[in-house]
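With CSV, C-alpha atoms (C1' of nucleotides) inside, this is query-v1.csv:
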```csv
chain,number,residue,atom,x,y,z
A,1,MET,CA,92.2,-67.2,97.8
A,2,GLU,CA,94.7,-68.7,100.2
A,3,ILE,CA,97.2,-71.3,98.9
A,4,SER,CA,98.5,-74.0,101.2
A,5,PRO,CA,102.2,-74.7,101.4
A,6,THR,CA,101.9,-77.9,99.4
A,7,GLY,CA,99.9,-75.9,96.8
A,8,TYR,CA,103.2,-74.1,96.0
A,9,VAL,CA,105.0,-77.4,95.6
A,10,VAL,CA,102.5,-78.3,92.9
A,11,LEU,CA,102.7,-74.9,91.3
A,12,GLY,CA,106.5,-75.1,91.3
A,13,ILE,CA,106.6,-78.5,89.8
A,14,LEU,CA,104.1,-77.6,87.0
A,15,ASN,CA,106.3,-74.6,86.2
A,16,TRP,CA,108.8,-77.0,84.7
A,17,GLN,CA,106.4,-78.9,82.5
A,18,PRO,CA,102.7,-80.1,82.5
A,19,ARG,CA,102.1,-83.2,84.5
A,20,THR,CA,99.3,-85.4,85.9
A,21,GLY,CA,98.7,-85.7,89.7
A,22,TYR,CA,100.2,-89.1,89.6
A,23,GLU,CA,103.4,-87.8,88.0
A,24,ILE,CA,103.6,-85.0,90.5
A,25,LYS,CA,103.4,-87.5,93.3
A,26,GLN,CA,106.1,-89.6,91.8
A,27,LEU,CA,108.4,-86.7,91.4
A,28,VAL,CA,107.8,-85.5,94.9
A,29,ASP,CA,108.7,-88.9,96.2
A,30,ARG,CA,112.1,-88.8,94.7
A,31,SER,CA,112.9,-85.2,95.4
A,32,THR,CA,111.1,-82.9,97.8
A,33,ARG,CA,110.0,-85.8,100.0
A,34,PHE,CA,112.8,-85.4,102.5
A,35,PHE,CA,112.0,-81.8,103.2
A,36,TRP,CA,108.5,-81.4,102.0
A,37,ALA,CA,106.4,-84.6,101.6
A,38,ALA,CA,103.0,-84.8,99.9
A,39,SER,CA,100.4,-87.6,99.6
A,40,TYR,CA,97.7,-88.3,97.0
A,41,GLY,CA,95.2,-87.2,99.5
A,42,GLN,CA,96.6,-83.8,99.3
A,43,ILE,CA,97.7,-83.5,95.7
A,44,TYR,CA,94.4,-84.4,94.0
A,45,PRO,CA,92.3,-82.0,96.1
A,46,GLU,CA,95.0,-79.4,95.8
A,47,LEU,CA,94.9,-79.6,92.0
A,48,LYS,CA,91.2,-79.1,92.1
A,49,ARG,CA,91.5,-76.0,94.3
A,50,LEU,CA,94.3,-74.5,92.2
A,51,SER,CA,92.1,-75.2,89.2
A,52,ASP,CA,89.1,-73.4,90.8
A,53,GLN,CA,91.4,-70.4,91.3
A,54,ARG,CA,92.6,-70.6,87.7
A,55,LEU,CA,96.2,-71.0,88.8
A,56,VAL,CA,96.5,-74.3,86.9
A,57,SER,CA,94.3,-75.7,84.1
A,58,GLY,CA,93.7,-79.4,83.7
A,59,LYS,CA,93.0,-81.1,80.3
A,60,ALA,CA,91.7,-84.6,80.0
A,61,ASP,CA,94.2,-86.6,77.9
A,62,LEU,CA,92.0,-87.8,75.0
A,63,LYS,CA,94.6,-90.3,73.8
A,64,SER,CA,94.3,-92.2,77.0
A,65,ALA,CA,91.2,-94.1,78.1
A,66,ARG,CA,92.6,-94.1,81.6
A,67,GLY,CA,91.2,-90.7,82.3
A,68,ARG,CA,94.5,-89.0,82.7
A,69,LYS,CA,94.3,-85.3,83.4
A,70,VAL,CA,97.3,-83.3,82.5
A,71,TYR,CA,97.7,-80.0,84.4
A,72,ARG,CA,99.7,-77.0,83.3
A,73,LEU,CA,100.4,-73.6,84.9
A,74,THR,CA,98.3,-70.6,83.8
A,75,PRO,CA,99.9,-67.2,83.5
A,76,LYS,CA,98.1,-66.3,86.7
A,77,GLY,CA,99.6,-69.3,88.4
A,78,HIS,CA,103.0,-68.4,87.1
A,79,ARG,CA,102.7,-64.9,88.6
A,80,GLU,CA,101.5,-66.3,91.9
A,81,LEU,CA,104.5,-68.7,92.0
A,82,ASP,CA,106.9,-65.9,91.3
A,83,ARG,CA,105.6,-63.8,94.1
A,84,TRP,CA,105.9,-66.7,96.5
A,85,MET,CA,109.5,-67.4,95.3
A,86,GLN,CA,110.5,-63.8,96.0
A,87,ARG,CA,109.2,-63.9,99.6
A,88,PRO,CA,111.6,-65.1,102.3
A,89,PRO,CA,111.1,-68.6,103.6
A,90,GLU,CA,109.1,-68.9,106.8
A,91,THR,CA,108.7,-72.5,107.9
A,92,PHE,CA,111.8,-74.3,109.1
A,93,GLU,CA,110.6,-77.2,111.1
A,94,MET,CA,112.0,-80.5,112.3
A,95,ARG,CA,110.4,-83.4,114.0
A,96,ASN,CA,113.0,-85.9,115.2
A,97,GLU,CA,111.9,-88.6,117.5
A,98,GLY,CA,115.5,-89.8,118.0
A,99,LEU,CA,116.5,-86.3,119.2
A,100,LEU,CA,113.5,-86.2,121.4
A,101,LYS,CA,114.4,-89.5,123.1
A,102,LEU,CA,118.0,-88.3,123.5
A,103,PHE,CA,116.7,-85.2,125.2
A,104,LEU,CA,114.3,-87.1,127.5
A,105,ALA,CA,117.2,-89.5,128.4
A,106,THR,CA,119.1,-86.6,130.1
A,107,GLY,CA,120.1,-87.9,133.4
A,108,ASP,CA,120.1,-91.5,132.3
A,109,SER,CA,123.2,-93.7,132.2
A,110,PRO,CA,125.9,-93.1,129.5
A,111,GLU,CA,125.0,-96.4,128.0
A,112,GLU,CA,121.4,-95.3,127.5
A,113,ILE,CA,122.5,-92.0,126.0
A,114,ALA,CA,124.9,-93.9,123.7
A,115,ARG,CA,122.1,-96.2,122.6
A,116,HIS,CA,119.9,-93.2,121.6
A,117,LEU,CA,122.8,-91.7,119.7
A,118,GLY,CA,123.3,-94.9,117.9
A,119,GLU,CA,119.7,-95.1,116.8
A,120,MET,CA,119.7,-91.5,115.7
A,121,GLY,CA,122.9,-92.0,113.7
A,122,GLY,CA,121.5,-95.2,112.2
A,123,ASN,CA,118.4,-93.4,111.0
A,124,ALA,CA,120.6,-90.7,109.4
A,125,ASP,CA,122.7,-93.4,107.7
A,126,ASP,CA,119.5,-95.0,106.3
A,127,VAL,CA,118.4,-91.7,104.8
A,128,VAL,CA,121.8,-91.3,103.2
A,129,ALA,CA,121.6,-94.7,101.6
A,130,ARG,CA,118.2,-94.0,100.1
A,131,LEU,CA,119.2,-90.6,98.8
A,132,ARG,CA,122.4,-92.1,97.2
A,133,GLU,CA,120.2,-94.6,95.4
A,134,ILE,CA,118.0,-91.8,94.0
A,135,ARG,CA,121.1,-90.0,92.9
A,136,GLU,CA,122.5,-93.0,91.2
A,137,GLU,CA,119.2,-93.5,89.3
A,138,LEU,CA,119.3,-90.0,88.1
A,139,GLY,CA,122.6,-90.2,86.2
A,140,ALA,CA,125.6,-88.0,86.3
A,141,GLU,CA,124.4,-85.0,84.2
A,142,GLN,CA,121.2,-84.5,86.0
A,143,ALA,CA,122.7,-85.2,89.4
A,144,SER,CA,125.1,-82.3,89.3
A,145,ASP,CA,122.0,-80.1,89.1
A,146,GLN,CA,120.5,-81.5,92.3
A,147,LEU,CA,121.7,-79.2,95.0
A,148,CYS,CA,119.0,-80.3,97.4
A,149,LEU,CA,119.8,-84.0,97.0
A,150,ARG,CA,123.4,-83.1,97.8
A,151,PHE,CA,122.2,-81.2,100.8
A,152,GLY,CA,120.2,-84.1,102.0
A,153,ILE,CA,123.1,-86.5,101.7
A,154,GLU,CA,125.7,-84.3,103.3
A,155,MET,CA,123.5,-83.1,106.1
A,156,ASN,CA,122.5,-86.7,107.1
A,157,GLU,CA,126.2,-87.7,106.8
A,158,TRP,CA,127.0,-84.9,109.2
A,159,ILE,CA,124.3,-86.0,111.6
A,160,ALA,CA,125.6,-89.6,111.6
A,161,GLY,CA,129.1,-88.3,112.2
A,162,TRP,CA,128.0,-86.1,115.0
A,163,CYS,CA,126.3,-89.0,116.7
A,164,GLN,CA,129.4,-91.1,116.4
A,165,ARG,CA,131.6,-88.4,117.8
A,166,ARG,CA,129.3,-88.0,120.8
A,167,GLN,CA,129.3,-91.7,121.4
A,168,ARG,CA,133.1,-91.9,121.4
A,169,GLU,CA,133.3,-89.0,123.8
A,170,LEU,CA,130.9,-90.8,126.1
A,171,ALA,CA,132.9,-94.0,125.9
A,172,GLY,CA,136.1,-92.1,126.7
A,173,ALA,CA,134.6,-90.3,129.7
A,174,ASP,CA,133.2,-93.6,130.9
A,175,THR,CA,136.5,-95.4,130.7
A,176,LYS,CA,138.2,-92.6,132.6
A,177,LYS,CA,135.6,-92.7,135.3
A,178,ARG,CA,135.9,-96.5,135.7
A,179,ALA,CA,139.7,-96.2,135.9
A,180,ALA,CA,139.6,-93.5,138.6
B,1,MET,CA,94.7,-96.4,124.6
B,2,GLU,CA,96.8,-94.7,122.0
B,3,ILE,CA,99.2,-91.9,123.1
B,4,SER,CA,100.0,-89.1,120.7
B,5,PRO,CA,103.7,-88.3,120.0
B,6,THR,CA,103.3,-85.1,122.0
B,7,GLY,CA,101.9,-87.1,124.9
B,8,TYR,CA,105.3,-88.7,125.3
B,9,VAL,CA,106.9,-85.4,125.5
B,10,VAL,CA,104.6,-84.6,128.4
B,11,LEU,CA,105.3,-88.0,130.0
B,12,GLY,CA,109.1,-87.6,129.6
B,13,ILE,CA,109.1,-84.1,131.1
B,14,LEU,CA,107.0,-85.2,134.1
B,15,ASN,CA,109.4,-88.0,134.6
B,16,TRP,CA,112.0,-85.5,135.9
B,17,GLN,CA,109.7,-83.7,138.3
B,18,PRO,CA,106.0,-82.8,138.8
B,19,ARG,CA,105.0,-79.7,136.9
B,20,THR,CA,101.9,-77.7,135.8
B,21,GLY,CA,100.8,-77.5,132.1
B,22,TYR,CA,102.1,-73.9,132.0
B,23,GLU,CA,105.5,-75.0,133.3
B,24,ILE,CA,105.7,-77.8,130.7
B,25,LYS,CA,105.0,-75.4,127.9
B,26,GLN,CA,107.7,-73.1,129.2
B,27,LEU,CA,110.2,-75.9,129.3
B,28,VAL,CA,109.3,-77.1,125.9
B,29,ASP,CA,109.8,-73.6,124.5
B,30,ARG,CA,113.4,-73.5,125.6
B,31,SER,CA,114.3,-77.1,124.9
B,32,THR,CA,112.4,-79.5,122.6
B,33,ARG,CA,110.9,-76.6,120.6
B,34,PHE,CA,113.4,-76.9,117.8
B,35,PHE,CA,112.8,-80.6,117.1
B,36,TRP,CA,109.4,-81.1,118.8
B,37,ALA,CA,107.2,-78.1,119.4
B,38,ALA,CA,104.0,-78.1,121.5
B,39,SER,CA,101.3,-75.5,122.1
B,40,TYR,CA,98.9,-74.9,125.0
B,41,GLY,CA,96.1,-76.1,122.7
B,42,GLN,CA,97.8,-79.5,122.8
B,43,ILE,CA,99.3,-79.7,126.2
B,44,TYR,CA,96.2,-79.1,128.3
B,45,PRO,CA,93.9,-81.5,126.5
B,46,GLU,CA,96.9,-84.0,126.4
B,47,LEU,CA,97.2,-83.8,130.2
B,48,LYS,CA,93.5,-84.5,130.5
B,49,ARG,CA,93.8,-87.5,128.3
B,50,LEU,CA,96.8,-88.9,130.1
B,51,SER,CA,95.0,-88.3,133.3
B,52,ASP,CA,92.0,-90.3,132.1
B,53,GLN,CA,94.3,-93.1,131.3
B,54,ARG,CA,95.9,-92.9,134.7
B,55,LEU,CA,99.4,-92.3,133.2
B,56,VAL,CA,99.6,-89.0,135.1
B,57,SER,CA,97.8,-87.7,138.1
B,58,GLY,CA,97.0,-84.0,138.6
B,59,LYS,CA,96.5,-82.4,142.0
B,60,ALA,CA,95.1,-78.9,142.6
B,61,ASP,CA,97.7,-76.8,144.4
B,62,LEU,CA,95.8,-75.7,147.4
B,63,LYS,CA,98.3,-73.1,148.4
B,64,SER,CA,97.5,-71.2,145.2
B,65,ALA,CA,94.2,-69.5,144.5
B,66,ARG,CA,95.2,-69.4,140.9
B,67,GLY,CA,94.0,-72.9,140.3
B,68,ARG,CA,97.3,-74.4,139.5
B,69,LYS,CA,97.2,-78.1,138.8
B,70,VAL,CA,100.5,-80.0,139.4
B,71,TYR,CA,100.8,-83.2,137.5
B,72,ARG,CA,103.1,-86.1,138.3
B,73,LEU,CA,103.9,-89.4,136.6
B,74,THR,CA,102.1,-92.5,137.9
B,75,PRO,CA,103.9,-95.9,138.0
B,76,LYS,CA,101.8,-96.9,135.0
B,77,GLY,CA,102.9,-93.7,133.2
B,78,HIS,CA,106.5,-94.5,134.1
B,79,ARG,CA,106.2,-98.0,132.6
B,80,GLU,CA,104.6,-96.6,129.4
B,81,LEU,CA,107.3,-94.1,129.0
B,82,ASP,CA,110.0,-96.7,129.5
B,83,ARG,CA,108.5,-98.9,126.8
B,84,TRP,CA,108.4,-96.0,124.4
B,85,MET,CA,112.0,-95.1,125.2
B,86,GLN,CA,113.1,-98.6,124.3
B,87,ARG,CA,111.4,-98.5,120.9
B,88,PRO,CA,113.5,-97.3,118.0
B,89,PRO,CA,112.6,-93.8,116.8
B,90,GLU,CA,110.2,-93.6,113.9
B,91,THR,CA,109.5,-90.1,112.8
B,92,PHE,CA,112.3,-88.1,111.3
B,93,GLU,CA,110.8,-85.2,109.4
B,94,MET,CA,111.9,-81.9,108.1
B,95,ARG,CA,109.9,-79.1,106.6
B,96,ASN,CA,112.1,-76.5,105.2
B,97,GLU,CA,110.6,-73.8,102.9
B,98,GLY,CA,114.1,-72.4,102.0
B,99,LEU,CA,115.2,-75.8,100.7
B,100,LEU,CA,111.9,-76.2,98.9
B,101,LYS,CA,112.5,-72.8,97.1
B,102,LEU,CA,116.0,-73.8,96.3
B,103,PHE,CA,114.7,-77.0,94.7
B,104,LEU,CA,112.0,-75.2,92.7
B,105,ALA,CA,114.6,-72.7,91.5
B,106,THR,CA,116.4,-75.5,89.7
B,107,GLY,CA,117.0,-74.1,86.2
B,108,ASP,CA,116.9,-70.5,87.4
B,109,SER,CA,119.9,-68.1,87.1
B,110,PRO,CA,122.9,-68.6,89.5
B,111,GLU,CA,122.0,-65.3,91.1
B,112,GLU,CA,118.5,-66.6,92.0
B,113,ILE,CA,120.0,-69.8,93.3
B,114,ALA,CA,122.5,-67.8,95.4
B,115,ARG,CA,119.7,-65.7,96.8
B,116,HIS,CA,117.8,-68.7,98.0
B,117,LEU,CA,121.0,-70.1,99.5
B,118,GLY,CA,121.6,-66.8,101.3
B,119,GLU,CA,118.1,-66.8,102.8
B,120,MET,CA,118.4,-70.4,103.9
B,121,GLY,CA,121.7,-69.8,105.5
B,122,GLY,CA,120.4,-66.7,107.2
B,123,ASN,CA,117.5,-68.6,108.7
B,124,ALA,CA,120.0,-71.1,110.1
B,125,ASP,CA,122.1,-68.3,111.5
B,126,ASP,CA,119.0,-66.9,113.3
B,127,VAL,CA,118.3,-70.3,114.9
B,128,VAL,CA,121.9,-70.5,116.1
B,129,ALA,CA,121.6,-67.1,117.7
B,130,ARG,CA,118.5,-68.0,119.5
B,131,LEU,CA,119.9,-71.3,120.7
B,132,ARG,CA,123.1,-69.6,122.0
B,133,GLU,CA,120.9,-67.2,124.0
B,134,ILE,CA,119.1,-70.1,125.6
B,135,ARG,CA,122.4,-71.8,126.4
B,136,GLU,CA,123.8,-68.7,127.9
B,137,GLU,CA,120.8,-68.4,130.2
B,138,LEU,CA,121.2,-71.9,131.3
B,139,GLY,CA,124.6,-71.5,132.9
B,140,ALA,CA,127.7,-73.5,132.4
B,141,GLU,CA,127.0,-76.6,134.6
B,142,GLN,CA,123.6,-77.3,133.2
B,143,ALA,CA,124.7,-76.4,129.6
B,144,SER,CA,127.2,-79.2,129.5
B,145,ASP,CA,124.3,-81.6,130.0
B,146,GLN,CA,122.4,-80.3,127.0
B,147,LEU,CA,123.5,-82.5,124.2
B,148,CYS,CA,120.4,-81.6,122.1
B,149,LEU,CA,121.0,-77.9,122.5
B,150,ARG,CA,124.6,-78.5,121.2
B,151,PHE,CA,123.2,-80.6,118.4
B,152,GLY,CA,120.8,-77.7,117.4
B,153,ILE,CA,123.6,-75.2,117.4
B,154,GLU,CA,126.1,-77.3,115.6
B,155,MET,CA,123.7,-78.5,112.9
B,156,ASN,CA,122.5,-75.1,112.1
B,157,GLU,CA,126.1,-73.8,112.0
B,158,TRP,CA,126.8,-76.6,109.5
B,159,ILE,CA,123.8,-75.7,107.4
B,160,ALA,CA,124.8,-72.0,107.3
B,161,GLY,CA,128.3,-73.1,106.3
B,162,TRP,CA,127.0,-75.4,103.6
B,163,CYS,CA,125.0,-72.5,102.1
B,164,GLN,CA,128.0,-70.2,102.1
B,165,ARG,CA,130.2,-72.8,100.4
B,166,ARG,CA,127.6,-73.4,97.7
B,167,GLN,CA,127.2,-69.7,97.2
B,168,ARG,CA,131.0,-69.3,96.8
B,169,GLU,CA,131.1,-72.2,94.3
B,170,LEU,CA,128.4,-70.5,92.3
B,171,ALA,CA,130.2,-67.2,92.3
B,172,GLY,CA,133.4,-68.9,91.2
B,173,ALA,CA,131.7,-70.8,88.3
B,174,ASP,CA,129.9,-67.6,87.3
B,175,THR,CA,133.1,-65.6,87.1
B,176,LYS,CA,134.8,-68.3,85.0
B,177,LYS,CA,131.9,-68.4,82.6
B,178,ARG,CA,131.9,-64.6,82.2
B,179,ALA,CA,135.6,-64.6,81.6
B,180,ALA,CA,135.4,-67.3,79.0
C,1,DA,C1',95.3,-48.3,138.7
C,2,DT,C1',97.6,-50.7,135.3
C,3,DC,C1',100.3,-53.9,133.2
C,4,DC,C1',102.7,-58.1,132.9
C,5,DA,C1',103.3,-62.8,134.0
C,6,DC,C1',100.9,-66.7,135.7
C,7,DA,C1',97.4,-70.1,134.8
C,8,DT,C1',93.8,-73.1,132.5
C,9,DG,C1',91.1,-74.2,129.1
C,10,DT,C1',88.0,-74.5,124.5
C,11,DA,C1',86.6,-73.9,119.5
C,12,DA,C1',87.5,-73.6,114.8
C,13,DG,C1',90.0,-74.6,111.3
C,14,DG,C1',94.1,-76.1,108.5
C,15,DC,C1',97.0,-79.5,107.1
C,16,DG,C1',98.2,-84.0,106.4
C,17,DT,C1',98.1,-89.2,106.4
C,18,DT,C1',96.0,-93.7,105.7
C,19,DA,C1',92.8,-96.5,104.0
C,20,DC,C1',89.5,-97.3,100.9
C,21,DA,C1',87.0,-97.5,96.2
C,22,DT,C1',87.4,-98.0,91.4
C,23,DG,C1',89.0,-99.0,87.1
C,24,DA,C1',92.4,-99.3,82.7
C,25,DT,C1',96.7,-100.9,80.6
C,26,DT,C1',100.8,-103.5,80.0
C,27,DG,C1',104.1,-107.2,80.3
C,28,DG,C1',105.1,-111.8,81.3
D,1,DC,C1',95.1,-114.5,82.6
D,2,DC,C1',97.3,-112.4,86.3
D,3,DA,C1',100.1,-109.1,88.6
D,4,DA,C1',102.0,-104.7,88.6
D,5,DT,C1',101.7,-100.2,87.5
D,6,DC,C1',99.1,-96.4,86.0
D,7,DA,C1',95.5,-93.3,87.4
D,8,DT,C1',91.9,-90.5,90.1
D,9,DG,C1',89.5,-89.6,93.7
D,10,DT,C1',87.0,-89.5,98.7
D,11,DA,C1',86.3,-90.3,103.7
D,12,DA,C1',87.7,-90.6,108.2
D,13,DC,C1',90.6,-89.3,111.3
D,14,DG,C1',94.8,-87.4,113.8
D,15,DC,C1',97.6,-83.7,115.0
D,16,DC,C1',98.5,-79.2,115.6
D,17,DT,C1',98.0,-74.0,115.6
D,18,DT,C1',95.6,-69.8,116.4
D,19,DA,C1',92.5,-67.2,118.5
D,20,DC,C1',89.5,-66.6,122.0
D,21,DA,C1',87.6,-66.6,126.9
D,22,DT,C1',88.6,-66.1,131.7
D,23,DG,C1',90.6,-65.0,135.8
D,24,DT,C1',94.7,-64.2,139.7
D,25,DG,C1',98.8,-62.1,141.7
D,26,DG,C1',102.6,-59.1,142.0
D,27,DA,C1',105.1,-55.1,140.8
D,28,DT,C1',105.3,-50.1,139.7
```
Would you give me this structure, written as C-alpha cells?
Amino acid sequence: MEISPTGYVVLGILNWQPRTGYEIKQLVDRSTRFFWAASYGQIYPELKRLSDQRLVSGKADLKSARGRKVYRLTPKGHRELDRWMQRPPETFEMRNEGLLKLFLATGDSPEEIARHLGEMGGNADDVVARLREIREELGAEQASDQLCLRFGIEMNEWIAGWCQRRQRELAGADTKKRAA
Amino acid sequence: MEISPTGYVVLGILNWQPRTGYEIKQLVDRSTRFFWAASYGQIYPELKRLSDQRLVSGKADLKSARGRKVYRLTPKGHRELDRWMQRPPETFEMRNEGLLKLFLATGDSPEEIARHLGEMGGNADDVVARLREIREELGAEQASDQLCLRFGIEMNEWIAGWCQRRQRELAGADTKKRAA
DNA sequence: ATCCACATGTAAGGCGTTACATGATTGG
DNA sequence: CCAATCATGTAACGCCTTACATGTGGAT
C-alpha cells in the first residue's frame, strides 16, 4: 500500500483535472521537472499501481482510436493526497556536479577554482534561460500563479551571482598577491 | 571501465591523502553530503571496483588488528580524476518535496500556500543550522577554505529568506482583499 | 562488564533512466 | 506520402539506501 514519491506527483496533477499519462509527462516537463523529474518509464507503471490501489481510475477514451486512457482521481485518491499534503516535507536533496568539482578542487590554483565557479554559474544561467522561456510561453495571467517557476528562476539567478562574486574575490586576491 | 559518479567522489577525496572507507564516509558526511551523499553500501563496493580497475590501491594496515584497509590513488587513478575534473559538470539535480507541495497547492487558499512556504523555509533554516555547526567544528583557518560550505549556508539562507518574503506578500494581499 | 566508536562488508529492494517496441493521427 | 507528434507500454540496467552480519579496541 506504499506510494512512491513520484506517485504523489501523479496524484497531485490529477487533482486539478483528468489527464492521460502522456499529458502528465508533458506537464511535469514544464513544471516540476526542475525539482521533481519523472519519465515515462515511471509514469505509466505508476498509473497502473495507483489504479490497482483504487486511488485513480482510468477510462479508455472511446472517441480516440489511439488508445488514450484518461485517468482521474478517485475519492480515496483525493483523501490520500490530502493526508500527504498535510505531512511536513521530508526529502530535500541536491546533486550538483559543479559544486562537487569545486569542492574536490580545494587546494588547487585560484585559476582552477575560478574555472569551476564559471562552469557552475554558467549552468545556473542556462537553467534560468530555459525557465524564462517556459514562463513566456505560459502568458502573463497564468505566470503570476507560478510561484515555483519564480523560485527556480530567482534561485538560479542567485547561484549565478554567487559564483560571479566568488570569482571576482579570487581575482582580487590574486592581483594583490602578485603585486606583493 | 565506467566509473559511477560516486566513484569520482572517492577518487577526489583520496587525491588529498590516503584513507580507509570508513574515513571517506566520515569526510563525506561533513562535506559533500549536502550536494553529493554517499553511504557505506556504496563506498565499500566502489573501492573494490576502483581497485579492480587499478585506479586506487588498498593496503591492509598491519599495525591494526581491526582489519583497516588504507586506500591511495594510483597514477592511473590520478589521470582519470584529472580528466573528469576538466570535463564540464553534467548533473545538476534537485529533489525538494517542499517545493513540490507548494506547486501542487496551486489554487489552494493563501493560508495553505503560506503553510507550505513556512515548512520549506523551516527546512532551509535547519540545514543552515547544521552547516554552521560543521563550520564551527572546523576552526577558522580551515573554514576560510571551505567555499562549498559557505555556498550551502548562503544558499539555504537565501531560500529561507525567499520563503519569508513570499509569505509576507501573501499576508499583505490577503489583508487588502479582506479590507476591500 | 558494557557501551560506544571503529571498521568492513553483503543482500534486498526501491527508485529512476534509457532504450526499445509498437502503432495511430495530423499537417504539410 | 512522410515527418512529427500523439500515445502506451516494457526490459534492462544503474544507482543508491537500509538493514543486516560480524568483529575489534578503548573508555568507564
Item to check | d(atom CA of B:Gln26, atom CA of B:Gly41) in Å | outcome: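 Pair atom CA of B:Gln26 / atom CA of B:Gly41 returns 13.6 Å.
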Next on the checklist: Can you measure atom CA of A:Pro5 to atom CA of A:Arg95 for me? One decimal in Å is fine.
Outcome noted: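 Atom-to-atom, atom CA of A:Pro5 to atom CA of A:Arg95, that is 17.4 Å.
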Next on the checklist: I'd like to know which of A:Leu55, A:Val70, A:Leu14, A:Leu100 is closest to chain D, using all atoms listed in the file.
Outcome noted: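 Nearest to chain D: A:Val70.
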Item to check | A:Ile3 surroundings by all atoms listed in the file, 12 Å radius, close-in-sequence under 3 positions cut, as a list in words | outcome: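 Using all atoms listed in the file, the neighbours found are Thr6, Gly7, Tyr8, Val9, Val10, Leu11, Glu46, Leu47, Lys48, Arg49, Leu50, Ser51, Asp52, Gln53, Leu55, Gly77, Glu80, Leu81 and Trp84 of chain A; DG14 and DC15 of chain C.
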Next on the checklist: as a ChimeraX atom specification, please: the residues near A:Glu93 (cut-off 8 Å, only C-alpha atoms (C1' of nucleotides), same-chain neighbours under 3 positions excluded).
Outcome noted: /B:34-35,94-96
Checklist entry - If we count only C-alpha atoms (C1' of nucleotides), what is near stretch 162-167 of chain A at a cut-off of 7 Å, once residues fewer than 4 positions away on the same chain are taken out, given as a VMD selection string? => result chain A and resid 114 117 to 118 121 158 171
Checklist entry - Got a sec: who's within 12 Å of D:DG9, counting all atoms listed in the file, leaving out chain neighbours fewer than 6 positions off, as a list in words? => result Gly21, Tyr22, Tyr40, Gly41, Gln42, Ile43, Tyr44, Pro45, Glu46, Leu47, Lys48 and Gly67 of chain A; DC20, DA21, DT22 and DG23 of chain C
Using C-alpha atoms (C1' of nucleotides), can you export the residues from the last selection as a PDB file, in the frame of the given file?
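Output file selection-v9.pdb is given in full below:
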```
ATOM      1  CA  GLY A  21      98.700 -85.700  89.700  1.00  0.00           C
ATOM      2  CA  TYR A  22     100.200 -89.100  89.600  1.00  0.00           C
ATOM      3  CA  TYR A  40      97.700 -88.300  97.000  1.00  0.00           C
ATOM      4  CA  GLY A  41      95.200 -87.200  99.500  1.00  0.00           C
ATOM      5  CA  GLN A  42      96.600 -83.800  99.300  1.00  0.00           C
ATOM      6  CA  ILE A  43      97.700 -83.500  95.700  1.00  0.00           C
ATOM      7  CA  TYR A  44      94.400 -84.400  94.000  1.00  0.00           C
ATOM      8  CA  PRO A  45      92.300 -82.000  96.100  1.00  0.00           C
ATOM      9  CA  GLU A  46      95.000 -79.400  95.800  1.00  0.00           C
ATOM     10  CA  LEU A  47      94.900 -79.600  92.000  1.00  0.00           C
ATOM     11  CA  LYS A  48      91.200 -79.100  92.100  1.00  0.00           C
ATOM     12  CA  GLY A  67      91.200 -90.700  82.300  1.00  0.00           C
TER      13      GLY A  67
ATOM     14  C1'  DC C  20      89.500 -97.300 100.900  1.00  0.00           C
ATOM     15  C1'  DA C  21      87.000 -97.500  96.200  1.00  0.00           C
ATOM     16  C1'  DT C  22      87.400 -98.000  91.400  1.00  0.00           C
ATOM     17  C1'  DG C  23      89.000 -99.000  87.100  1.00  0.00           C
TER      18       DG C  23
END
```
Next on the checklist: For a quick test of understanding: name the residues of chain B lying within 9 Å of chain A when counting all atoms listed in the file, and present them as a PyMOL selection string.
Outcome noted: chain B and resi 5+9+12-13+15-16+31-32+34-37+84-85+88-107+116+119-120+123-124+145-149+151+155+158-159+162+166
Checklist entry - Do you have the atom CA of A:His78-atom CA of A:Ala38 distance handy? => result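 Between these atoms lies a distance of 20.8 Å.
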Next on the checklist: Using all atoms listed in the file, I'd like every residue of chain C that has an atom within 12 Å of chain B; please write them out as a PyMOL selection string.
Outcome noted: chain C and resi 5-12
Could the residues of chain D within 12 Å of chain B, counting only C-alpha atoms (C1' of nucleotides), be given as a compact mmCIF listing (two decimals) with C-alpha atoms (C1' of nucleotides), in the frame of the given file, please?
```txt
# COMPACT_ATOMS: atom_id res chain seq x y z
C1' DG D 14 94.80 -87.40 113.80
C1' DC D 15 97.60 -83.70 115.00
C1' DC D 16 98.50 -79.20 115.60
C1' DT D 17 98.00 -74.00 115.60
C1' DT D 18 95.60 -69.80 116.40
C1' DA D 19 92.50 -67.20 118.50
C1' DC D 20 89.50 -66.60 122.00
C1' DT D 22 88.60 -66.10 131.70
C1' DG D 23 90.60 -65.00 135.80
C1' DT D 24 94.70 -64.20 139.70
C1' DG D 25 98.80 -62.10 141.70
```
Checklist entry - A:Ala60, A:Ala129, A:Ala143, A:Ile134: which is nearest D:DT8, counting all atoms listed in the file? => result A:Ala60
